[in-house]
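Read the structure below first, then the notes.
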Amino acid sequence: MTSNNHYDVTQWHVGNSYKDIGEVINSIIADIKSRQTETDINDGGKPGAAIYIPPGDYHLTTQVLIDISYLKIMGAGHGFVSSSIRFNTPANEWENLHDLWPGGSRILVDLAPQSGDEEWAGAAFYVKRSGAPRISSVAFENFCIDGLHFVDDGSGNNDPENTYTNGKTGIYIATAQDSFRITGMGFIYLEHGLTTYNSDAMAIHNNFIAECGNCIELRGAGQASKITDNLIGAGYKGYSIYAQNFGGLLIATNNIFPRGSSSVHLSGVVRSSITSNRFHSFYPGMLVLEENCAENLVSANHFLRDHEPWPPMQGYDNGLEDSYGLLRINGSNNSIISNHISETIDTQYLKPAQTKPVIIRVVAGKGNYIANNHIVATTEASTSQPSTSEEDACFAAQVEALLTTASLKPLDVTAVLVEQTSQHNTILDSGTDSQVMLDRTANAFRATPTFNALQ
């Protein structure tokens, strides 16, 4: 039995989905709206629809505008493959690669936003509806949105394909919404993967969002949402996860790759949880809480900071010095509990030279509770790993860096630094007596015990 509320973009009678899937989906949405006009029929009215994108490559030259609830756009595979490795591989070696481009159900964003355009102008999917109730229950599932190329950013120092700049966004949600779902998606080579405003009960789950300038941005304000079980990695200019003025946000069991300017950056976020994630970064500022973040729990995470091992990307960083802090806290009554924090870096890569890295830095606020964090700071001279191809080199260099532990030596760090502007904090078992810097008359402190031979 077929349903007139289930659509296949390749079977629709308006447009050509392979040449411009945007035109096709907009036509399908117009058809749904023309048929579903009544709001109350037998305790129902507008059930919405599902739009299916079979495996294949679909160019998008017309932005999709979504202004109806209960819509699912779904594909048959997120299709992610590294474009960064390809673009940093000599072109004369491409013929030897099994795959050149992402696959699955793949949308190729051919929009050409210009400088000065509104930020939504380069979005493949633009969600906007005013009035009551808020647009609700829109789902994006199991397809790939590919920005294709980055462009020259005017700095004069970058390979255009490594700038993370092109003005393109995968999904842009402009108005308040309820219970959206983004699951099983692939986002690649977009300046902004997913940007939402004023989200309520949003689930961002089990996606592959990488090689984007920014991956997930929750802007405006929001509540009661989750970012879980994703594989994420932004570029050196942007955020892997950013949230603004949020309450009740759950960030859990994500694996966040290096190169993002920050792994998690929260601004004015309160009563939220960051738990059981694995964070990896090549730069300071992995976790940033700013604008008086309050009553947040950061617990049972693994943080790793090391140096970029892949030669094509070693000339880029986020511009921060090592005294900035791997974890930087501006806010009150936050709990930073039982995290494992590793910093492994050759001292020649510290910025500025001879600086002592800061692991946890509390810059403002009061009443923060920092306890039972295990900080492992080590150093080792860098080594090179020979390889037969750029893809092998990227993989081998990063795995080698992750697995090397036997020859590491202790690195002198400041485990916790509490600024004079922050008082009434409690610091327990998160650094030895010599590793923690704070006003001990204005804060509570208990040092991590040391062996006599190490004192």
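As shown in the structure tokens, the chain order sets the letters A, B, ...; within each chain, residues go from 1, and ligands are also counted from 1 in the order they appear.
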
>> DSSP on the backbone, alpha helix (DSSP H) only: what residues of segment 76-202 of chain A does that give? Format it as a PyMOL selection string.
In response: chain A and resi 83-87

Could you pull the residues within 9 Å of segment 333-335 of chain A, counting only C-alpha atoms, minus those fewer than 6 positions along the same chain, as a short mmCIF file (atom, residue, chain, number, x, y, z; two decimals) with N, CA and C atoms, in the first residue's frame?
```
data_model
loop_
_atom_site.label_atom_id
_atom_site.label_comp_id
_atom_site.auth_asym_id
_atom_site.auth_seq_id
_atom_site.Cartn_x
_atom_site.Cartn_y
_atom_site.Cartn_z
N VAL A 270 23.56 27.46 31.35
CA VAL A 270 23.35 27.14 32.76
C VAL A 270 22.71 25.76 32.91
N ARG A 271 23.02 25.13 34.05
CA ARG A 271 22.36 23.88 34.46
C ARG A 271 22.34 22.85 33.34
N CYS A 293 28.65 31.35 32.67
CA CYS A 293 28.03 30.02 32.71
C CYS A 293 27.90 29.56 34.16
N ALA A 294 26.79 28.96 34.51
CA ALA A 294 26.55 28.66 35.92
C ALA A 294 25.90 27.29 36.10
N GLU A 295 26.31 26.62 37.18
CA GLU A 295 25.71 25.38 37.64
C GLU A 295 25.74 24.28 36.58
N ASN A 296 26.83 24.22 35.84
CA ASN A 296 27.02 23.18 34.85
C ASN A 296 27.87 22.05 35.42
N LEU A 297 27.63 20.84 34.96
CA LEU A 297 28.40 19.67 35.35
C LEU A 297 29.29 19.25 34.19
N VAL A 298 30.61 19.18 34.44
CA VAL A 298 31.58 18.68 33.48
C VAL A 298 32.26 17.49 34.14
N SER A 299 31.92 16.29 33.72
CA SER A 299 32.37 15.13 34.47
C SER A 299 32.62 13.93 33.56
N GLY A 365 34.05 34.54 38.36
CA GLY A 365 32.96 33.80 38.96
C GLY A 365 33.32 33.32 40.36
N LYS A 366 32.43 32.57 40.96
CA LYS A 366 32.65 32.08 42.32
C LYS A 366 31.94 30.74 42.51
N GLY A 367 32.34 30.04 43.56
CA GLY A 367 31.65 28.83 43.93
C GLY A 367 31.86 27.64 43.02
N ASN A 368 32.88 27.68 42.18
CA ASN A 368 33.16 26.53 41.32
C ASN A 368 33.79 25.40 42.12
N TYR A 369 33.45 24.17 41.78
CA TYR A 369 33.92 22.99 42.48
C TYR A 369 34.74 22.15 41.50
N ILE A 370 36.05 22.10 41.72
CA ILE A 370 36.97 21.40 40.82
C ILE A 370 37.63 20.30 41.64
N ALA A 371 37.28 19.04 41.34
CA ALA A 371 37.70 17.96 42.23
C ALA A 371 38.01 16.68 41.47
N ASN A 425 36.01 29.43 45.52
CA ASN A 425 36.01 28.17 44.78
C ASN A 425 36.61 27.07 45.65
#
```

> For Glu419 of chain A, which residue among A:Leu304, A:Leu350, A:Val436, A:Val151 is the nearest when counting only C-alpha atoms?
Replying inline: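 Of all the options, A:Val436 lies closest to Glu419 of chain A.
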
> What's the 12 Å shell around Tyr164 of chain A, counting only C-alpha atoms, without same-chain residues fewer than 3 positions away, as a PyMOL selection string?
Replying inline: chain A and resi 83-84+147-153+158-161+167-169+188-193+210-215+233-239+259-261+316

I'd like to know which residues of segment 171-413 of chain A are strand (DSSP E or B) (by DSSP, run on the backbone); could you write them as a compact mmCIF listing (two decimals) with N, CA and C atoms, in the first residue's frame?
```
# COMPACT_ATOMS: atom_id res chain seq x y z
N ILE A 171 22.29 23.06 7.32
CA ILE A 171 20.93 23.30 7.79
C ILE A 171 20.94 24.55 8.65
N TYR A 172 20.06 25.49 8.35
CA TYR A 172 19.96 26.74 9.10
C TYR A 172 18.51 26.88 9.57
N ILE A 173 18.33 26.90 10.89
CA ILE A 173 16.99 26.97 11.48
C ILE A 173 16.86 28.34 12.14
N GLN A 177 11.75 26.57 17.43
CA GLN A 177 11.21 25.28 16.99
C GLN A 177 11.20 24.31 18.15
N ASP A 178 10.49 23.21 17.95
CA ASP A 178 10.31 22.22 19.01
C ASP A 178 10.53 20.82 18.44
N ARG A 181 14.82 16.70 14.94
CA ARG A 181 15.73 15.56 14.99
C ARG A 181 16.70 15.63 13.83
N ILE A 182 17.98 15.60 14.15
CA ILE A 182 19.03 15.50 13.14
C ILE A 182 19.81 14.25 13.48
N THR A 183 19.65 13.19 12.71
CA THR A 183 20.23 11.89 13.07
C THR A 183 20.84 11.22 11.84
N GLY A 186 25.54 13.21 7.44
CA GLY A 186 26.91 13.57 7.16
C GLY A 186 26.98 15.01 6.71
N PHE A 187 27.86 15.79 7.32
CA PHE A 187 28.10 17.19 6.93
C PHE A 187 29.58 17.32 6.62
N ILE A 188 29.92 17.91 5.48
CA ILE A 188 31.34 18.04 5.12
C ILE A 188 31.56 19.28 4.26
N HIS A 192 29.48 26.29 7.90
CA HIS A 192 28.63 26.02 9.06
C HIS A 192 27.84 24.75 8.76
N GLY A 193 28.03 23.73 9.60
CA GLY A 193 27.29 22.50 9.38
C GLY A 193 25.83 22.66 9.73
N LEU A 194 25.55 22.84 11.03
CA LEU A 194 24.19 22.99 11.54
C LEU A 194 24.14 24.23 12.42
N THR A 195 23.27 25.19 12.06
CA THR A 195 23.06 26.40 12.84
C THR A 195 21.59 26.49 13.21
N THR A 196 21.29 26.61 14.50
CA THR A 196 19.90 26.71 14.93
C THR A 196 19.74 27.89 15.89
N TYR A 197 18.56 28.46 15.88
CA TYR A 197 18.21 29.53 16.81
C TYR A 197 16.99 29.11 17.63
N ASN A 198 17.09 29.32 18.95
CA ASN A 198 15.95 29.17 19.86
C ASN A 198 15.36 27.76 19.79
N SER A 199 16.21 26.79 20.12
CA SER A 199 15.82 25.38 20.02
C SER A 199 15.26 24.86 21.34
N ASP A 200 14.26 24.02 21.23
CA ASP A 200 13.64 23.38 22.38
C ASP A 200 13.52 21.89 22.07
N ALA A 203 17.19 17.03 19.25
CA ALA A 203 18.09 15.89 19.36
C ALA A 203 19.04 15.89 18.17
N ILE A 204 20.34 16.02 18.46
CA ILE A 204 21.38 15.94 17.43
C ILE A 204 22.17 14.69 17.78
N HIS A 205 21.93 13.61 17.05
CA HIS A 205 22.37 12.30 17.51
C HIS A 205 22.97 11.47 16.37
N PHE A 208 27.83 12.41 11.59
CA PHE A 208 29.24 12.57 11.26
C PHE A 208 29.40 13.98 10.69
N ILE A 209 29.91 14.90 11.52
CA ILE A 209 30.01 16.31 11.14
C ILE A 209 31.48 16.70 11.25
N ALA A 210 32.17 16.76 10.14
CA ALA A 210 33.62 16.99 10.20
C ALA A 210 34.07 17.74 8.95
N GLU A 211 35.29 18.29 9.06
CA GLU A 211 35.87 19.09 7.99
C GLU A 211 34.93 20.24 7.60
N CYS A 212 34.26 20.79 8.61
CA CYS A 212 33.44 21.99 8.46
C CYS A 212 34.08 23.12 9.27
N ASN A 214 32.57 25.31 11.16
CA ASN A 214 31.88 25.14 12.44
C ASN A 214 30.94 23.96 12.27
N CYS A 215 30.80 23.16 13.32
CA CYS A 215 29.97 21.96 13.19
C CYS A 215 28.56 22.18 13.71
N ILE A 216 28.39 22.40 15.01
CA ILE A 216 27.08 22.56 15.63
C ILE A 216 27.05 23.89 16.36
N GLU A 217 26.08 24.73 16.04
CA GLU A 217 25.92 26.04 16.68
C GLU A 217 24.48 26.20 17.14
N LEU A 218 24.27 26.23 18.44
CA LEU A 218 22.96 26.49 19.03
C LEU A 218 22.95 27.93 19.51
N ARG A 219 22.29 28.78 18.76
CA ARG A 219 22.37 30.23 18.99
C ARG A 219 21.04 30.78 19.52
N GLY A 220 21.08 32.05 19.91
CA GLY A 220 19.91 32.69 20.47
C GLY A 220 19.71 32.25 21.90
N ALA A 221 18.86 31.27 22.10
CA ALA A 221 18.61 30.68 23.42
C ALA A 221 17.96 29.33 23.20
N GLY A 222 17.85 28.55 24.28
CA GLY A 222 17.22 27.25 24.11
C GLY A 222 17.20 26.47 25.40
N GLN A 223 16.56 25.28 25.33
CA GLN A 223 16.45 24.45 26.52
C GLN A 223 16.28 22.99 26.14
N LYS A 226 19.75 17.84 23.32
CA LYS A 226 20.88 16.95 23.51
C LYS A 226 21.72 16.85 22.25
N ILE A 227 23.03 16.72 22.48
CA ILE A 227 24.01 16.46 21.44
C ILE A 227 24.73 15.19 21.87
N THR A 228 24.40 14.06 21.25
CA THR A 228 24.86 12.78 21.76
C THR A 228 25.36 11.86 20.64
N LEU A 231 30.18 12.01 15.90
CA LEU A 231 31.58 12.15 15.52
C LEU A 231 31.71 13.52 14.89
N ILE A 232 32.56 14.39 15.51
CA ILE A 232 32.55 15.81 15.17
C ILE A 232 33.98 16.31 15.06
N GLY A 233 34.23 17.21 14.12
CA GLY A 233 35.54 17.85 14.05
C GLY A 233 35.51 19.10 13.19
N ALA A 234 35.61 20.27 13.81
CA ALA A 234 35.59 21.54 13.08
C ALA A 234 36.99 21.92 12.63
N TYR A 239 33.98 26.41 15.85
CA TYR A 239 33.55 25.59 16.97
C TYR A 239 33.17 24.20 16.50
N SER A 240 33.54 23.20 17.29
CA SER A 240 32.95 21.88 17.08
C SER A 240 31.54 21.87 17.66
N ILE A 241 31.39 22.33 18.91
CA ILE A 241 30.07 22.52 19.51
C ILE A 241 30.02 23.89 20.15
N TYR A 242 29.02 24.68 19.82
CA TYR A 242 28.82 26.00 20.42
C TYR A 242 27.37 26.09 20.89
N ALA A 243 27.16 26.61 22.09
CA ALA A 243 25.80 26.84 22.58
C ALA A 243 25.75 28.17 23.31
N GLN A 244 24.64 28.88 23.16
CA GLN A 244 24.48 30.23 23.69
C GLN A 244 23.16 30.31 24.47
N PHE A 246 21.74 28.72 26.90
CA PHE A 246 20.99 27.47 26.93
C PHE A 246 20.83 26.99 28.37
N GLY A 247 19.72 26.32 28.63
CA GLY A 247 19.51 25.63 29.89
C GLY A 247 19.14 24.19 29.61
N LEU A 250 22.31 18.67 27.20
CA LEU A 250 23.09 17.47 27.47
C LEU A 250 24.06 17.24 26.31
N ILE A 251 25.36 17.25 26.61
CA ILE A 251 26.40 16.93 25.64
C ILE A 251 27.08 15.67 26.16
N ALA A 252 26.85 14.54 25.52
CA ALA A 252 27.30 13.26 26.08
C ALA A 252 27.74 12.28 25.00
N ASN A 255 32.51 11.89 20.29
CA ASN A 255 33.93 11.80 20.01
C ASN A 255 34.28 12.99 19.13
N ILE A 256 35.01 13.94 19.72
CA ILE A 256 35.30 15.19 19.02
C ILE A 256 36.76 15.22 18.60
N SER A 262 37.71 25.25 19.31
CA SER A 262 37.34 24.70 20.61
C SER A 262 36.54 23.43 20.38
N SER A 263 36.63 22.50 21.32
CA SER A 263 35.78 21.31 21.26
C SER A 263 34.36 21.66 21.68
N VAL A 264 34.25 22.33 22.82
CA VAL A 264 32.95 22.82 23.31
C VAL A 264 33.13 24.24 23.79
N HIS A 265 32.28 25.14 23.31
CA HIS A 265 32.33 26.55 23.70
C HIS A 265 30.91 26.94 24.12
N LEU A 266 30.75 27.25 25.41
CA LEU A 266 29.45 27.60 25.95
C LEU A 266 29.44 29.06 26.39
N SER A 267 28.38 29.77 26.04
CA SER A 267 28.25 31.19 26.39
C SER A 267 26.90 31.40 27.09
N VAL A 270 23.56 27.46 31.35
CA VAL A 270 23.35 27.14 32.76
C VAL A 270 22.71 25.76 32.91
N SER A 273 24.89 19.67 31.20
CA SER A 273 25.84 18.60 31.50
C SER A 273 26.72 18.28 30.30
N ILE A 274 28.02 18.12 30.58
CA ILE A 274 28.99 17.66 29.59
C ILE A 274 29.64 16.43 30.19
N THR A 275 29.22 15.26 29.76
CA THR A 275 29.65 14.04 30.44
C THR A 275 30.01 12.95 29.44
N ARG A 278 34.78 12.10 24.65
CA ARG A 278 36.21 12.05 24.37
C ARG A 278 36.53 13.26 23.49
N PHE A 279 37.38 14.17 24.03
CA PHE A 279 37.76 15.39 23.34
C PHE A 279 39.24 15.32 22.96
N HIS A 280 39.56 15.70 21.74
CA HIS A 280 40.94 15.72 21.28
C HIS A 280 41.17 17.05 20.57
N SER A 281 42.25 17.73 20.91
CA SER A 281 42.52 19.04 20.33
C SER A 281 44.00 19.22 20.10
N LEU A 287 37.79 23.46 26.07
CA LEU A 287 36.48 23.70 26.67
C LEU A 287 36.48 25.12 27.20
N VAL A 288 35.54 25.93 26.74
CA VAL A 288 35.44 27.33 27.16
C VAL A 288 34.04 27.57 27.70
N LEU A 289 33.96 28.04 28.95
CA LEU A 289 32.72 28.51 29.54
C LEU A 289 32.86 30.01 29.74
N GLU A 290 32.01 30.79 29.07
CA GLU A 290 32.12 32.24 29.16
C GLU A 290 30.75 32.86 29.44
N GLU A 291 30.77 34.18 29.68
CA GLU A 291 29.54 34.94 29.93
C GLU A 291 28.74 34.33 31.09
N ASN A 292 29.48 34.08 32.18
CA ASN A 292 28.88 33.63 33.43
C ASN A 292 28.04 32.37 33.28
N CYS A 293 28.65 31.35 32.67
CA CYS A 293 28.03 30.02 32.71
C CYS A 293 27.90 29.56 34.16
N ALA A 294 26.79 28.96 34.51
CA ALA A 294 26.55 28.66 35.92
C ALA A 294 25.90 27.29 36.10
N LEU A 297 27.63 20.84 34.96
CA LEU A 297 28.40 19.67 35.35
C LEU A 297 29.29 19.25 34.19
N VAL A 298 30.61 19.18 34.44
CA VAL A 298 31.58 18.68 33.48
C VAL A 298 32.26 17.49 34.14
N SER A 299 31.92 16.29 33.72
CA SER A 299 32.37 15.13 34.47
C SER A 299 32.62 13.93 33.56
N HIS A 302 37.21 12.62 28.80
CA HIS A 302 38.64 12.47 28.51
C HIS A 302 39.05 13.60 27.58
N PHE A 303 39.99 14.43 28.05
CA PHE A 303 40.54 15.52 27.25
C PHE A 303 41.97 15.16 26.85
N LEU A 304 42.30 15.31 25.59
CA LEU A 304 43.66 15.12 25.11
C LEU A 304 44.06 16.29 24.24
N ARG A 305 45.18 16.93 24.62
CA ARG A 305 45.76 17.97 23.78
C ARG A 305 47.17 17.51 23.37
N LEU A 327 41.04 24.08 29.68
CA LEU A 327 39.68 24.31 30.13
C LEU A 327 39.65 25.71 30.74
N ARG A 328 38.80 26.56 30.23
CA ARG A 328 38.75 27.96 30.68
C ARG A 328 37.36 28.26 31.21
N ILE A 329 37.29 28.67 32.47
CA ILE A 329 36.01 28.78 33.17
C ILE A 329 35.75 30.24 33.54
N ASN A 330 34.66 30.78 33.04
CA ASN A 330 34.15 32.09 33.45
C ASN A 330 32.70 31.87 33.86
N GLY A 331 32.49 31.76 35.16
CA GLY A 331 31.14 31.49 35.64
C GLY A 331 31.16 31.02 37.07
N SER A 332 30.00 30.68 37.58
CA SER A 332 29.86 30.37 39.00
C SER A 332 29.16 29.04 39.22
N SER A 335 30.63 22.53 38.33
CA SER A 335 31.34 21.38 38.87
C SER A 335 32.20 20.75 37.77
N ILE A 336 33.51 20.71 38.00
CA ILE A 336 34.45 20.09 37.08
C ILE A 336 35.03 18.89 37.84
N ILE A 337 34.47 17.72 37.62
CA ILE A 337 34.69 16.59 38.51
C ILE A 337 35.12 15.35 37.72
N HIS A 340 39.60 13.04 33.08
CA HIS A 340 40.99 12.70 32.78
C HIS A 340 41.47 13.68 31.72
N ILE A 341 42.57 14.39 32.03
CA ILE A 341 43.08 15.43 31.14
C ILE A 341 44.53 15.14 30.81
N SER A 342 44.81 14.92 29.53
CA SER A 342 46.16 14.62 29.07
C SER A 342 46.66 15.76 28.19
N GLU A 343 47.86 16.24 28.49
CA GLU A 343 48.56 17.15 27.58
C GLU A 343 49.91 16.52 27.27
N THR A 344 50.11 16.21 26.00
CA THR A 344 51.36 15.60 25.55
C THR A 344 51.88 16.41 24.39
N VAL A 358 48.79 26.05 31.05
CA VAL A 358 47.76 26.03 32.08
C VAL A 358 46.68 25.04 31.65
N ILE A 359 46.32 24.13 32.53
CA ILE A 359 45.33 23.11 32.19
C ILE A 359 43.91 23.61 32.48
N ILE A 360 43.62 23.96 33.73
CA ILE A 360 42.30 24.50 34.09
C ILE A 360 42.51 25.93 34.57
N ARG A 361 41.84 26.87 33.93
CA ARG A 361 41.99 28.29 34.31
C ARG A 361 40.62 28.86 34.64
N VAL A 362 40.47 29.32 35.87
CA VAL A 362 39.22 29.94 36.32
C VAL A 362 39.45 31.46 36.31
N VAL A 363 38.80 32.14 35.39
CA VAL A 363 39.10 33.56 35.19
C VAL A 363 38.12 34.48 35.90
N ALA A 364 36.91 34.00 36.21
CA ALA A 364 35.92 34.85 36.89
C ALA A 364 34.81 33.96 37.44
N GLY A 365 34.05 34.54 38.36
CA GLY A 365 32.96 33.80 38.96
C GLY A 365 33.32 33.32 40.36
N LYS A 366 32.43 32.57 40.96
CA LYS A 366 32.65 32.08 42.32
C LYS A 366 31.94 30.74 42.51
N TYR A 369 33.45 24.17 41.78
CA TYR A 369 33.92 22.99 42.48
C TYR A 369 34.74 22.15 41.50
N ILE A 370 36.05 22.10 41.72
CA ILE A 370 36.97 21.40 40.82
C ILE A 370 37.63 20.30 41.64
N ALA A 371 37.28 19.04 41.34
CA ALA A 371 37.70 17.96 42.23
C ALA A 371 38.01 16.68 41.47
N HIS A 374 42.23 13.99 37.07
CA HIS A 374 43.55 13.39 36.89
C HIS A 374 44.21 14.07 35.69
N ILE A 375 45.26 14.81 35.96
CA ILE A 375 45.96 15.58 34.93
C ILE A 375 47.30 14.91 34.65
N VAL A 376 47.51 14.51 33.41
CA VAL A 376 48.75 13.86 32.99
C VAL A 376 49.41 14.77 31.95
N ALA A 377 50.53 15.37 32.31
CA ALA A 377 51.23 16.30 31.43
C ALA A 377 52.60 15.72 31.09
N THR A 378 52.85 15.51 29.81
CA THR A 378 54.08 14.86 29.37
C THR A 378 54.62 15.53 28.12
N THR A 379 55.89 15.23 27.84
CA THR A 379 56.53 15.79 26.65
C THR A 379 57.42 14.73 26.02
N LYS A 409 58.06 11.97 29.03
CA LYS A 409 58.65 12.52 30.24
C LYS A 409 57.72 13.57 30.82
N PRO A 410 57.77 13.81 32.12
CA PRO A 410 56.88 14.80 32.73
C PRO A 410 57.07 16.20 32.14
```

Could you give me, as CSV, a per-residue list for segment 101-168 of chain A showing, wherever an atom lies at most 9 Å from an atom of segment 19-38 of chain A, the closest pair of atoms and their distance in Å to one decimal, using only C-alpha atoms and sorting by chain then residue number from low to high?
```
residue,atom,partner,partner_atom,distance
A:Ile107,CA,A:Ile21,CA,7.8
A:Ala124,CA,A:Gly22,CA,7.9
A:Phe125,CA,A:Gly22,CA,8.5
```

>> Applying 10 Å and only C-alpha atoms, which residues near Arg86 of chain A remain after dropping the ones on its own chain fewer than 5 positions away? List them as a ChimeraX atom specification.
In response: /A:81,91,93-94,97,99-101,390-391

> With only C-alpha atoms as the basis for distance, which of A:Gly77, A:Tyr324, A:Thr175, A:Ser155 is at the shortest distance from Asn207 of chain A?
Replying inline: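 Smallest distance to Asn207 of chain A is found for A:Gly77.
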
> When you draw a straight line from atom CA of Tyr283 of chain A to atom CA of Leu417 of chain A, how long is it in Å?
Replying inline: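 Result for atom CA of Tyr283 of chain A versus atom CA of Leu417 of chain A: 18.0 Å, one decimal.
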
> So what do you get for atom CA of Met185 of chain A versus atom CA of Val109 of chain A, distance-wise?
Replying inline: 15.0 Å
